[in-house]
file query_10.txt (compact mmCIF, C-alpha atoms and all ligand atoms)
# COMPACT_ATOMS: atom_id res chain seq x y z
CA MET A 52 -32.46 1.67 -31.68
CA MET A 53 -35.46 3.87 -30.93
CA GLN A 54 -35.76 4.84 -34.59
CA GLU A 55 -36.81 1.28 -35.34
CA ARG A 56 -39.47 1.58 -32.68
CA SER A 57 -41.45 4.36 -34.35
CA ASP A 58 -43.47 1.61 -36.03
CA LEU A 59 -44.76 0.73 -32.55
CA VAL A 60 -46.35 4.14 -32.16
CA ASP A 61 -47.80 4.01 -35.67
CA GLU A 62 -49.31 0.62 -35.07
CA ALA A 63 -50.59 1.53 -31.59
CA ARG A 64 -52.32 4.57 -33.06
CA ARG A 65 -53.73 2.47 -35.89
CA ILE A 66 -55.38 0.08 -33.39
CA GLY A 67 -56.16 3.06 -31.15
CA PRO A 68 -59.89 3.19 -31.98
CA GLU A 69 -60.26 -0.47 -30.93
CA LEU A 70 -58.34 0.13 -27.69
CA ARG A 71 -60.46 3.18 -26.88
CA ALA A 72 -63.66 1.25 -27.64
CA LEU A 73 -62.47 -1.49 -25.28
CA ARG A 74 -61.78 1.12 -22.59
CA ARG A 75 -65.31 2.48 -22.98
CA ARG A 76 -66.86 -0.99 -22.71
CA LEU A 77 -64.88 -1.57 -19.52
CA HIS A 78 -65.83 1.87 -18.24
CA ALA A 79 -69.54 1.18 -18.68
CA HIS A 80 -69.35 -2.01 -16.56
CA PRO A 81 -67.08 -1.38 -13.58
CA GLU A 82 -66.71 -3.97 -10.83
CA THR A 83 -65.09 -3.53 -7.42
CA GLY A 84 -62.93 -5.66 -5.17
CA LEU A 85 -61.41 -9.03 -5.95
CA GLU A 86 -64.25 -10.63 -7.93
CA LEU A 87 -64.61 -9.00 -11.34
CA PRO A 88 -66.16 -11.68 -13.57
CA ILE A 89 -67.40 -9.37 -16.35
CA THR A 90 -64.09 -7.55 -16.53
CA GLN A 91 -62.17 -10.81 -16.57
CA ALA A 92 -64.35 -12.22 -19.37
CA THR A 93 -63.92 -9.04 -21.43
CA LEU A 94 -60.13 -9.18 -21.14
CA ARG A 95 -60.06 -12.92 -21.72
CA ALA A 96 -61.80 -12.45 -25.07
CA GLU A 97 -59.13 -9.91 -26.05
CA LEU A 98 -56.22 -12.11 -24.95
CA GLU A 99 -57.32 -15.52 -26.25
CA PRO A 100 -56.60 -14.80 -29.95
CA LEU A 101 -53.03 -13.67 -29.20
CA GLY A 102 -51.50 -17.10 -28.56
CA LEU A 103 -50.32 -16.42 -25.01
CA GLU A 104 -50.14 -18.84 -22.07
CA LEU A 105 -53.16 -17.82 -20.02
CA SER A 106 -53.93 -18.69 -16.42
CA TYR A 107 -56.55 -17.44 -14.02
CA GLY A 108 -56.61 -16.66 -10.32
CA GLU A 109 -58.30 -18.82 -7.71
CA GLY A 110 -58.87 -16.38 -4.86
CA LEU A 111 -59.52 -13.50 -7.25
CA THR A 112 -60.45 -13.02 -10.91
CA SER A 113 -56.93 -12.23 -12.06
CA ILE A 114 -55.38 -13.12 -15.42
CA VAL A 115 -51.73 -13.92 -16.00
CA ALA A 116 -50.64 -14.06 -19.64
CA VAL A 117 -47.16 -15.18 -20.63
CA LEU A 118 -45.69 -14.28 -24.01
CA ARG A 119 -42.73 -16.48 -24.96
CA GLY A 120 -40.12 -14.68 -27.01
CA GLY A 121 -38.30 -16.09 -30.02
CA ALA A 122 -35.14 -16.72 -27.98
CA PRO A 123 -34.46 -17.38 -24.31
CA GLY A 124 -33.64 -14.41 -22.12
CA PRO A 125 -34.82 -12.56 -19.03
CA THR A 126 -38.43 -12.05 -17.99
CA LEU A 127 -40.17 -8.70 -17.71
CA LEU A 128 -43.53 -8.11 -16.04
CA LEU A 129 -46.14 -5.52 -17.05
CA ARG A 130 -49.07 -4.94 -14.72
CA SER A 131 -52.54 -3.43 -15.03
CA ASP A 132 -55.05 -3.21 -12.23
CA MET A 133 -58.69 -4.02 -13.09
CA ASP A 134 -61.02 -2.73 -10.38
CA GLY A 135 -63.31 0.26 -10.09
CA LEU A 136 -64.46 2.08 -6.97
CA PRO A 137 -67.70 2.19 -4.96
CA VAL A 138 -68.51 5.67 -6.29
CA ALA A 139 -71.73 6.49 -8.18
CA GLU A 140 -70.52 8.05 -11.43
CA ALA A 141 -71.55 11.66 -11.94
CA THR A 142 -70.03 12.37 -15.36
CA GLU A 143 -72.02 12.97 -18.52
CA LEU A 144 -69.97 10.61 -20.65
CA GLU A 145 -72.21 8.66 -23.01
CA TYR A 146 -70.60 5.43 -21.75
CA HIS A 147 -70.90 6.33 -18.06
CA SER A 148 -71.53 3.59 -15.53
CA THR A 149 -75.02 3.13 -14.11
CA ASN A 150 -74.37 0.33 -11.60
CA GLY A 151 -73.26 2.43 -8.64
CA ALA A 152 -69.56 1.72 -9.17
CA MET A 153 -67.13 3.71 -11.30
CA HIS A 154 -63.76 3.43 -12.95
CA ALA A 155 -62.85 6.60 -11.06
CA CYS A 156 -59.15 5.72 -10.85
CA GLY A 157 -58.63 5.10 -14.57
CA HIS A 158 -57.94 1.37 -14.30
CA ASP A 159 -60.08 0.95 -17.44
CA LEU A 160 -57.40 2.90 -19.35
CA HIS A 161 -54.66 0.74 -17.81
CA MET A 162 -56.39 -2.44 -18.99
CA SER A 163 -56.89 -1.24 -22.56
CA ALA A 164 -53.29 0.03 -22.73
CA LEU A 165 -51.94 -3.31 -21.52
CA ILE A 166 -54.13 -5.20 -23.99
CA GLY A 167 -52.68 -2.91 -26.66
CA ALA A 168 -49.14 -3.70 -25.50
CA ALA A 169 -49.93 -7.43 -25.55
CA ARG A 170 -51.13 -7.13 -29.15
CA LEU A 171 -48.05 -5.14 -30.21
CA LEU A 172 -45.66 -7.53 -28.49
CA ALA A 173 -47.42 -10.71 -29.65
CA ALA A 174 -46.96 -9.50 -33.23
CA ARG A 175 -43.21 -9.15 -32.54
CA ARG A 176 -42.63 -12.28 -30.48
CA GLU A 177 -39.79 -13.45 -32.73
CA GLU A 178 -37.86 -10.29 -31.85
CA LEU A 179 -38.19 -10.87 -28.12
CA VAL A 180 -35.17 -12.29 -26.36
CA GLY A 181 -36.94 -13.48 -23.24
CA ASP A 182 -40.50 -13.56 -21.97
CA VAL A 183 -43.13 -11.02 -20.97
CA VAL A 184 -45.63 -11.61 -18.18
CA PHE A 185 -48.86 -9.60 -18.36
CA MET A 186 -50.38 -9.26 -14.88
CA PHE A 187 -54.06 -8.24 -14.83
CA GLN A 188 -54.93 -7.63 -11.20
CA PRO A 189 -58.24 -7.10 -9.40
CA GLY A 190 -58.51 -5.49 -6.00
CA GLU A 191 -55.96 -2.68 -6.18
CA GLU A 192 -58.20 -0.27 -4.27
CA GLY A 193 -57.46 -1.44 -0.74
CA HIS A 194 -57.90 -5.19 -1.30
CA GLN A 195 -54.23 -6.05 -1.83
CA GLY A 196 -54.92 -7.98 -5.02
CA ALA A 197 -51.23 -7.72 -5.95
CA LEU A 198 -50.24 -9.53 -2.77
CA LEU A 199 -52.76 -12.30 -3.50
CA MET A 200 -51.38 -12.69 -7.01
CA LEU A 201 -47.85 -12.93 -5.61
CA ASP A 202 -49.11 -15.66 -3.25
CA GLU A 203 -50.71 -17.45 -6.22
CA GLY A 204 -47.40 -17.42 -8.07
CA VAL A 205 -47.49 -14.61 -10.63
CA LEU A 206 -43.70 -14.28 -10.38
CA GLU A 207 -43.26 -17.98 -11.22
CA ALA A 208 -45.70 -17.93 -14.16
CA ALA A 209 -43.00 -17.75 -16.82
CA GLY A 210 -40.63 -20.16 -15.09
CA ALA A 211 -37.92 -17.62 -14.34
CA LYS A 212 -38.68 -14.78 -11.95
CA PRO A 213 -39.03 -11.40 -13.68
CA SER A 214 -35.99 -9.15 -13.35
CA ARG A 215 -37.87 -5.97 -14.26
CA ALA A 216 -41.47 -4.80 -13.68
CA TYR A 217 -43.44 -1.79 -14.88
CA ALA A 218 -46.91 -0.40 -14.29
CA LEU A 219 -48.59 2.77 -15.54
CA HIS A 220 -51.07 4.93 -13.65
CA VAL A 221 -53.23 7.63 -15.23
CA PHE A 222 -54.35 10.79 -13.46
CA SER A 223 -57.35 12.96 -14.32
CA ASP A 224 -55.62 16.13 -13.09
CA MET A 225 -52.20 15.79 -14.69
CA PRO A 226 -51.26 17.18 -18.12
CA TYR A 227 -52.58 15.17 -21.07
CA GLY A 228 -50.05 12.73 -22.47
CA LEU A 229 -47.20 13.60 -20.09
CA PHE A 230 -45.35 10.64 -18.55
CA THR A 231 -43.72 11.30 -15.16
CA SER A 232 -41.89 9.38 -12.49
CA ARG A 233 -38.94 9.59 -10.14
CA ALA A 234 -36.25 7.31 -8.73
CA GLY A 235 -36.79 6.09 -5.17
CA ALA A 236 -39.91 6.88 -3.17
CA LEU A 237 -42.85 7.66 -5.47
CA MET A 238 -45.97 6.83 -3.46
CA ALA A 239 -46.79 6.53 0.24
CA ALA A 240 -47.20 3.51 2.46
CA ILE A 241 -50.79 3.22 3.68
CA ASP A 242 -52.05 1.57 6.85
CA LYS A 243 -55.60 1.21 8.08
CA LEU A 244 -56.91 2.28 11.47
CA ASP A 245 -60.45 1.26 12.46
CA ILE A 246 -61.88 2.77 15.62
CA THR A 247 -65.12 1.81 17.32
CA VAL A 248 -66.25 4.19 20.03
CA ASN A 249 -68.24 2.13 22.52
CA GLY A 250 -70.76 4.35 24.28
CA ALA A 251 -74.16 3.61 25.79
CA GLY A 252 -77.29 4.30 23.79
CA GLY A 253 -80.62 5.64 24.93
CA HIS A 254 -83.30 8.26 24.35
CA GLY A 255 -82.42 11.39 22.37
CA GLY A 256 -84.20 13.48 25.00
CA THR A 257 -82.12 12.22 27.93
CA PRO A 258 -78.50 12.32 26.73
CA HIS A 259 -77.26 12.63 30.33
CA ARG A 260 -78.41 9.05 30.86
CA THR A 261 -76.37 7.82 27.86
CA ILE A 262 -72.78 7.94 26.71
CA ASP A 263 -73.24 9.47 23.28
CA PRO A 264 -70.51 8.09 20.98
CA ILE A 265 -71.07 10.63 18.18
CA PRO A 266 -69.56 13.78 19.76
CA ILE A 267 -66.75 11.59 21.14
CA ALA A 268 -66.01 10.21 17.68
CA ALA A 269 -66.17 13.76 16.28
CA GLU A 270 -63.57 14.84 18.85
CA ILE A 271 -61.36 11.95 17.83
CA VAL A 272 -61.59 13.01 14.17
CA LEU A 273 -60.51 16.57 15.00
CA ALA A 274 -57.86 15.47 17.49
CA MET A 275 -56.21 13.28 14.87
CA GLN A 276 -55.83 16.34 12.61
CA SER A 277 -54.36 18.40 15.47
CA TYR A 278 -52.06 15.50 16.26
CA VAL A 279 -50.67 15.47 12.70
CA ALA A 280 -50.29 19.25 12.68
CA ARG A 281 -48.75 19.66 16.15
CA LYS A 282 -46.99 16.41 17.02
CA LEU A 283 -45.25 15.45 13.77
CA ASP A 284 -42.23 17.04 12.09
CA THR A 285 -43.50 18.93 9.02
CA PHE A 286 -40.52 17.66 7.02
CA ASP A 287 -41.45 14.06 7.71
CA PRO A 288 -44.78 13.92 5.91
CA ALA A 289 -47.84 11.99 7.09
CA VAL A 290 -51.51 12.20 6.19
CA VAL A 291 -54.38 10.77 8.22
CA THR A 292 -57.70 10.74 6.38
CA ILE A 293 -60.86 9.53 8.08
CA GLY A 294 -62.79 8.28 5.07
CA GLU A 295 -65.59 6.55 6.95
CA PHE A 296 -67.72 7.70 9.89
CA HIS A 297 -70.83 5.64 10.62
CA SER A 298 -73.23 5.87 13.49
CA GLY A 299 -76.87 6.06 14.38
CA THR A 300 -80.22 5.04 12.97
CA ALA A 301 -82.73 7.79 13.88
CA ARG A 302 -82.69 11.37 15.18
CA ASN A 303 -84.36 10.52 18.48
CA ILE A 304 -82.00 7.71 19.44
CA VAL A 305 -78.55 8.05 20.97
CA PRO A 306 -76.67 5.18 19.31
CA GLY A 307 -74.56 2.72 21.24
CA ASP A 308 -71.45 3.07 19.15
CA ALA A 309 -69.75 4.94 16.35
CA PHE A 310 -67.32 3.60 13.77
CA LEU A 311 -64.42 5.43 12.10
CA SER A 312 -62.00 4.16 9.49
CA ALA A 313 -58.82 6.05 8.69
CA GLY A 314 -56.05 5.71 6.11
CA VAL A 315 -52.63 6.50 7.58
CA ARG A 316 -50.05 7.48 4.95
CA THR A 317 -46.32 7.76 5.58
CA PHE A 318 -42.93 7.57 3.85
CA ASP A 319 -40.76 6.55 6.74
CA VAL A 320 -40.82 3.41 8.86
CA LYS A 321 -40.13 5.29 12.12
CA MET A 322 -42.98 7.70 11.42
CA GLN A 323 -45.24 4.75 10.56
CA GLU A 324 -44.33 3.09 13.87
CA LYS A 325 -45.01 6.30 15.80
CA LEU A 326 -48.49 6.67 14.30
CA ARG A 327 -49.23 2.98 14.77
CA THR A 328 -48.48 3.34 18.48
CA GLU A 329 -49.85 6.79 19.25
CA LEU A 330 -53.10 7.11 17.26
CA PRO A 331 -54.88 4.27 19.12
CA VAL A 332 -53.74 5.81 22.44
CA LEU A 333 -55.14 9.18 21.37
CA ALA A 334 -58.51 7.66 20.42
CA ASP A 335 -58.74 5.64 23.60
CA GLY A 336 -57.73 8.63 25.77
CA ILE A 337 -60.47 10.82 24.33
CA ALA A 338 -63.07 8.09 24.65
CA SER A 339 -62.16 7.31 28.26
CA ALA A 340 -62.18 11.03 29.16
CA HIS A 341 -65.90 10.90 28.31
CA GLY A 342 -66.59 7.63 30.09
CA ALA A 343 -66.61 5.59 26.88
CA SER A 344 -64.00 3.24 25.45
CA ALA A 345 -62.45 2.87 22.02
CA THR A 346 -61.66 -0.42 20.33
CA THR A 347 -58.96 0.05 17.73
CA LEU A 348 -57.62 -2.14 14.98
CA TYR A 349 -54.43 -1.05 13.24
CA GLU A 350 -53.43 -2.96 10.12
CA ILE A 351 -50.19 -2.51 8.22
CA GLY A 352 -51.14 -2.11 4.56
CA GLU A 353 -49.36 -1.47 1.27
CA PRO A 354 -45.71 -0.48 1.65
CA LEU A 355 -43.99 2.51 0.12
CA THR A 356 -43.84 2.40 -3.69
CA ALA A 357 -40.12 2.69 -4.40
CA ASN A 358 -38.82 2.83 -7.97
CA ALA A 359 -35.49 1.32 -8.95
CA PRO A 360 -33.35 4.18 -10.34
CA GLN A 361 -32.25 2.15 -13.37
CA ALA A 362 -35.85 1.30 -14.26
CA VAL A 363 -36.79 5.00 -14.19
CA ALA A 364 -33.72 5.97 -16.24
CA ASP A 365 -34.62 3.32 -18.83
CA ALA A 366 -38.23 4.53 -18.93
CA GLU A 367 -37.13 8.12 -19.48
CA ARG A 368 -34.85 7.08 -22.32
CA VAL A 369 -37.48 4.84 -23.95
CA ILE A 370 -40.32 7.37 -23.68
CA SER A 371 -38.17 10.29 -24.85
CA GLY A 372 -36.86 8.26 -27.77
CA LEU A 373 -40.29 6.97 -28.75
CA LEU A 374 -42.47 10.08 -28.31
CA GLY A 375 -40.04 12.99 -27.86
CA PRO A 376 -38.22 14.38 -24.81
CA GLU A 377 -41.12 16.72 -24.00
CA ARG A 378 -43.30 13.71 -23.18
CA PHE A 379 -41.37 12.70 -20.04
CA SER A 380 -40.60 14.77 -17.00
CA GLU A 381 -39.25 13.84 -13.62
CA ILE A 382 -41.55 14.74 -10.73
CA SER A 383 -39.68 16.37 -7.90
CA ARG A 384 -41.75 15.03 -5.03
CA PRO A 385 -43.52 11.80 -4.20
CA VAL A 386 -47.32 11.72 -3.87
CA MET A 387 -49.44 10.72 -0.87
CA MET A 388 -51.45 8.18 -2.82
CA ALA A 389 -50.58 4.52 -2.33
CA GLU A 390 -50.37 1.52 -4.67
CA ASP A 391 -50.27 -2.19 -4.10
CA PHE A 392 -47.85 -2.50 -7.05
CA SER A 393 -45.44 -1.70 -4.22
CA PHE A 394 -45.63 -5.39 -3.25
CA VAL A 395 -44.36 -6.32 -6.73
CA LEU A 396 -41.60 -3.71 -6.51
CA GLU A 397 -40.46 -5.19 -3.20
CA ALA A 398 -39.72 -8.41 -5.08
CA VAL A 399 -38.71 -7.15 -8.54
CA PRO A 400 -36.78 -3.98 -9.42
CA GLY A 401 -38.97 -1.78 -11.58
CA ALA A 402 -40.99 1.39 -11.70
CA MET A 403 -44.45 2.85 -11.55
CA ILE A 404 -44.85 5.50 -14.26
CA PHE A 405 -47.58 8.15 -14.09
CA LEU A 406 -49.42 9.35 -17.18
CA GLY A 407 -51.45 12.55 -17.34
CA ALA A 408 -54.93 11.94 -18.80
CA ALA A 409 -56.76 15.20 -18.09
CA PRO A 410 -58.80 16.26 -21.12
CA PRO A 411 -56.55 18.67 -23.06
CA ASP A 412 -58.93 21.60 -22.49
CA ALA A 413 -59.31 20.97 -18.73
CA ASP A 414 -58.20 23.52 -16.15
CA LEU A 415 -55.73 21.37 -14.19
CA GLY A 416 -56.29 23.40 -11.05
CA LEU A 417 -59.99 22.53 -11.09
CA ALA A 418 -60.07 19.12 -12.77
CA PRO A 419 -61.68 16.54 -10.44
CA SER A 420 -59.03 14.17 -9.11
CA ASN A 421 -58.91 10.39 -9.28
CA HIS A 422 -61.62 8.81 -7.07
CA SER A 423 -63.99 11.74 -7.69
CA ALA A 424 -67.43 10.88 -9.11
CA GLN A 425 -66.70 13.57 -11.72
CA ALA A 426 -63.20 12.48 -12.70
CA LEU A 427 -62.64 12.54 -16.46
CA PHE A 428 -59.85 10.54 -18.10
CA ASP A 429 -59.18 11.18 -21.77
CA ASP A 430 -58.59 7.82 -23.43
CA GLY A 431 -56.74 9.54 -26.28
CA VAL A 432 -53.63 8.71 -24.23
CA VAL A 433 -54.23 4.94 -24.44
CA PRO A 434 -52.49 4.20 -27.77
CA ASP A 435 -49.27 5.95 -26.74
CA ALA A 436 -49.46 4.21 -23.36
CA ALA A 437 -49.69 0.85 -25.15
CA ALA A 438 -46.69 1.73 -27.35
CA VAL A 439 -44.66 2.80 -24.31
CA LEU A 440 -45.37 -0.43 -22.40
CA ALA A 441 -44.44 -2.49 -25.44
CA ALA A 442 -41.27 -0.45 -26.02
CA LEU A 443 -40.21 -0.82 -22.38
CA ALA A 444 -40.38 -4.59 -22.80
CA LEU A 445 -38.66 -4.68 -26.21
CA GLU A 446 -35.85 -2.39 -25.09
CA TYR A 447 -35.20 -4.13 -21.78
CA LEU A 448 -35.03 -7.55 -23.39
CA ALA A 449 -32.94 -6.30 -26.33
CA GLU A 450 -30.43 -4.68 -23.95
CA SER A 451 -29.92 -7.83 -21.97
CA ARG A 452 -29.20 -9.59 -25.27
CA ASP A 453 -26.59 -6.94 -26.12
CA GLU A 454 -25.03 -7.40 -22.71
CA GLY A 455 -25.15 -11.19 -22.98
ZN ZN A 501 -57.27 4.60 -6.90
ZN ZN A 502 -55.59 3.46 -9.17
call {"tool": "encode", "arguments": {"input": "query_10.txt", "output": "structure tokens", "more": "lines below"}}
Ligand SMILES: [Zn+2]
Ligand SMILES: [Zn+2]
result
Amino acid sequence: MMQERSDLVDEARRIGPELRALRRRLHAHPETGLELPITQATLRAELEPLGLELSYGEGLTSIVAVLRGGAPGPTLLLRSDMDGLPVAEATELEYHSTNGAMHACGHDLHMSALIGAARLLAARREELVGDVVFMFQPGEEGHQGALLMLDEGVLEAAGAKPSRAYALHVFSDMPYGLFTSRAGALMAAIDKLDITVNGAGGHGGTPHRTIDPIPIAAEIVLAMQSYVARKLDTFDPAVVTIGEFHSGTARNIVPGDAFLSAGVRTFDVKMQEKLRTELPVLADGIASAHGASATTLYEIGEPLTANAPQAVADAERVISGLLGPERFSEISRPVMMAEDFSFVLEAVPGAMIFLGAAPPDADLGLAPSNHSAQALFDDGVVPDAAAVLAALALEYLAESRDEG
């Protein structure tokens, strides 16, 4: 079966220069959040000639494209995220972004790979026994775009609900061209904890007549790290990262309040519940010890990304058959990053597959990670990524025909 698929790799590599050029255009014009009009228009121009059923989001600039196969069968969903990050790019790439945002998580590569897969599959539509849904999703980076697209009906787009879903994610510090995944838990659940320390502002020269929220907030930051280290079982992993700390306007003013925002990452519902209950108590206890108060807002966010074992086994077989067994390896441990594709995987069995995209000459120990202003993703991996996505769809639909 896979022998016949080698033409997919050949064709993907033949259109590779176009896919890489598309990735670079997307890279030069990143947009963040749920409204990505330039990105949507760029993808729309790529999709319109392919003869797919296209529809567009209302609450976000998503695109859903349905490819109808030559015969009826099951439905498979392939997803790419579309958004960049609020990071000012600090690479020296000639196509680097200059608008203050950056495709620092490689979603530009995901988009060009999925466009490549759409082209490969559209050219083989007669072979397809069933339908393929292409899900282009804004707002992956903390905006829950996937959840919005589920609300807007992405799973009903083809008529029948998909019975398999895949997404790829590239990493700037993983080996070039290596696909990895694992059955079960792959990525963490992430919740959000916002804390406002309410003090009392005043003159910088008379701090005793104020309640200075900055040292209190600093204590809360440190206490949360001690809490994770001393109160949680090491074998039940959790990470609390305070990614925002805002306060103050001038050096001679004690501000009235300080704001912290933390990401709380877990793999276990009981652990998640413990942190949800205890972290606000910790913050409030420290604030009240200093005569201040803390207002906390805890929001449950993206759930654990859990891969269906069969979907991972199929991916390993397809990738090994298509590109060689050395191109897939199972990763032994999950990662602490989170993904809103987890919402799709709650509804549809499937898998998130990682793809290493570090430049081949990079020192992996030093390569800047995803979300870094210096992250470098080598788009040489895009053609093979497109071939893999297309092969996953062709194989899944062909198998269900064999079974039927
Ligand atoms: Zn990211
Ligand atoms: Zn990402």
call {"tool": "closest_residue", "arguments": {"input": "query_10.txt", "among": "A:Ile351, A:Met153, A:Ala234, A:Val117", "to": "ligand ZN 501 (chain A)", "atoms": "only C-alpha atoms and all ligand atoms"}}
result
A:Met153
call {"tool": "closest_residue", "arguments": {"input": "query_10.txt", "among": "A:Pro288, A:Gly407, A:Gly102, A:Gly372", "to": "Met387 of chain A", "atoms": "all atoms listed in the file"}}
result
A:Pro288
call {"tool": "closest_atom_pairs", "arguments": {"input": "query_10.txt", "of": "segment 261-370 of chain A", "to": "segment 439-442 of chain A", "cutoff": "12 Å", "atoms": "all atoms listed in the file", "output": "Markdown table"}}
result
| residue | atom | partner | partner_atom | distance |
| --- | --- | --- | --- | --- |
| A:Asp365 | CA | A:Ala442 | CA | 10.5 |
| A:Ala366 | CA | A:Val439 | CA | 8.6 |
| A:Glu367 | CA | A:Val439 | CA | 10.4 |
| A:Arg368 | CA | A:Ala442 | CA | 10.6 |
| A:Val369 | CA | A:Ala442 | CA | 6.8 |
| A:Ile370 | CA | A:Val439 | CA | 6.3 |
call {"tool": "closest_residue", "arguments": {"input": "query_10.txt", "among": "A:Met133, A:Ile271, A:Asp61, A:Thr347", "to": "Thr328 of chain A", "atoms": "only C-alpha atoms"}}
result
A:Thr347
call {"tool": "residues_near_ligand", "arguments": {"input": "query_10.txt", "ligand": "ligand ZN 501 (chain A)", "cutoff": "7 Å", "atoms": "only C-alpha atoms and all ligand atoms", "output": "compact mmCIF listing (two decimals) with C-alpha atoms, in the coordinates of the input"}}
result
# COMPACT_ATOMS: atom_id res chain seq x y z
CA CYS A 156 -59.15 5.72 -10.85
CA GLU A 192 -58.20 -0.27 -4.27
CA ASN A 421 -58.91 10.39 -9.28
CA HIS A 422 -61.62 8.81 -7.07
call {"tool": "residues_near_ligand", "arguments": {"input": "query_10.txt", "ligand": "ligand ZN 502 (chain A)", "cutoff": "8 Å", "atoms": "only C-alpha atoms and all ligand atoms", "output": "ChimeraX atom specification"}}
result
/A:132,156-158,191-192,220-221,390,421
call {"tool": "atom_distance", "arguments": {"input": "query_10.txt", "atom1": "atom CA of Arg95 of chain A", "atom2": "atom CA of Ala79 of chain A"}}
result
17.3 Å
call {"tool": "closest_residue", "arguments": {"input": "query_10.txt", "among": "A:Ala389, A:Ala139, A:Leu330, A:Leu73", "to": "Thr93 of chain A", "atoms": "all atoms listed in the file"}}
result
A:Leu73
call {"tool": "atom_distance", "arguments": {"input": "query_10.txt", "atom1": "atom CA of Ala313 of chain A", "atom2": "atom CA of Thr292 of chain A"}}
result
5.3 Å
call {"tool": "residues_around", "arguments": {"input": "query_10.txt", "residues": "segment 160-167 of chain A", "least_positions_apart": "4", "cutoff": "7 Å", "atoms": "all atoms listed in the file", "output": "PyMOL selection string"}}
result
chain A and resi 63+70+73-74+131-133+171+219-220+430+433-434+436-437
call {"tool": "closest_residue", "arguments": {"input": "query_10.txt", "among": "A:Ala309, A:Leu111, A:Met238, A:Ala96", "to": "Pro266 of chain A", "atoms": "all atoms listed in the file"}}
result
A:Ala309
call {"tool": "decode", "arguments": {"input": "query_10.txt", "residues": "segment 116-131 of chain A", "atoms": "N, CA and C atoms", "output": "PDB file, in the first residue's frame"}}
result
ATOM      1  N   ALA A 116     -12.639  23.886   4.989  1.00  0.00           N
ATOM      2  CA  ALA A 116     -12.687  23.434   3.602  1.00  0.00           C
ATOM      3  C   ALA A 116     -13.009  21.954   3.603  1.00  0.00           C
ATOM      4  N   VAL A 117     -14.029  21.579   2.835  1.00  0.00           N
ATOM      5  CA  VAL A 117     -14.418  20.164   2.765  1.00  0.00           C
ATOM      6  C   VAL A 117     -14.086  19.635   1.373  1.00  0.00           C
ATOM      7  N   LEU A 118     -13.356  18.534   1.350  1.00  0.00           N
ATOM      8  CA  LEU A 118     -13.044  17.842   0.104  1.00  0.00           C
ATOM      9  C   LEU A 118     -13.899  16.582   0.045  1.00  0.00           C
ATOM     10  N   ARG A 119     -14.763  16.499  -0.964  1.00  0.00           N
ATOM     11  CA  ARG A 119     -15.616  15.321  -1.126  1.00  0.00           C
ATOM     12  C   ARG A 119     -14.873  14.275  -1.940  1.00  0.00           C
ATOM     13  N   GLY A 120     -14.804  13.069  -1.387  1.00  0.00           N
ATOM     14  CA  GLY A 120     -14.129  11.987  -2.097  1.00  0.00           C
ATOM     15  C   GLY A 120     -14.983  11.435  -3.221  1.00  0.00           C
ATOM     16  N   GLY A 121     -14.378  10.528  -3.982  1.00  0.00           N
ATOM     17  CA  GLY A 121     -15.073   9.935  -5.133  1.00  0.00           C
ATOM     18  C   GLY A 121     -16.159   8.960  -4.734  1.00  0.00           C
ATOM     19  N   ALA A 122     -16.118   8.458  -3.506  1.00  0.00           N
ATOM     20  CA  ALA A 122     -17.130   7.514  -3.025  1.00  0.00           C
ATOM     21  C   ALA A 122     -17.432   7.838  -1.578  1.00  0.00           C
ATOM     22  N   PRO A 123     -18.643   7.493  -1.123  1.00  0.00           N
ATOM     23  CA  PRO A 123     -18.977   7.808   0.273  1.00  0.00           C
ATOM     24  C   PRO A 123     -18.182   6.957   1.250  1.00  0.00           C
ATOM     25  N   GLY A 124     -17.892   7.521   2.386  1.00  0.00           N
ATOM     26  CA  GLY A 124     -17.112   6.828   3.413  1.00  0.00           C
ATOM     27  C   GLY A 124     -17.005   7.714   4.627  1.00  0.00           C
ATOM     28  N   PRO A 125     -16.101   7.396   5.536  1.00  0.00           N
ATOM     29  CA  PRO A 125     -15.977   8.192   6.756  1.00  0.00           C
ATOM     30  C   PRO A 125     -15.362   9.571   6.486  1.00  0.00           C
ATOM     31  N   THR A 126     -15.326  10.376   7.526  1.00  0.00           N
ATOM     32  CA  THR A 126     -14.779  11.726   7.421  1.00  0.00           C
ATOM     33  C   THR A 126     -13.563  11.837   8.333  1.00  0.00           C
ATOM     34  N   LEU A 127     -12.515  12.452   7.794  1.00  0.00           N
ATOM     35  CA  LEU A 127     -11.304  12.685   8.573  1.00  0.00           C
ATOM     36  C   LEU A 127     -11.044  14.185   8.604  1.00  0.00           C
ATOM     37  N   LEU A 128     -10.553  14.672   9.730  1.00  0.00           N
ATOM     38  CA  LEU A 128     -10.286  16.102   9.887  1.00  0.00           C
ATOM     39  C   LEU A 128      -8.786  16.340  10.043  1.00  0.00           C
ATOM     40  N   LEU A 129      -8.285  17.345   9.307  1.00  0.00           N
ATOM     41  CA  LEU A 129      -6.888  17.776   9.455  1.00  0.00           C
ATOM     42  C   LEU A 129      -6.897  19.235   9.888  1.00  0.00           C
ATOM     43  N   ARG A 130      -6.123  19.573  10.887  1.00  0.00           N
ATOM     44  CA  ARG A 130      -6.190  20.929  11.436  1.00  0.00           C
ATOM     45  C   ARG A 130      -4.836  21.643  11.398  1.00  0.00           C
ATOM     46  N   SER A 131      -4.893  22.923  11.032  1.00  0.00           N
ATOM     47  CA  SER A 131      -3.735  23.811  11.192  1.00  0.00           C
ATOM     48  C   SER A 131      -4.180  25.031  11.972  1.00  0.00           C
TER      49      SER A 131
END
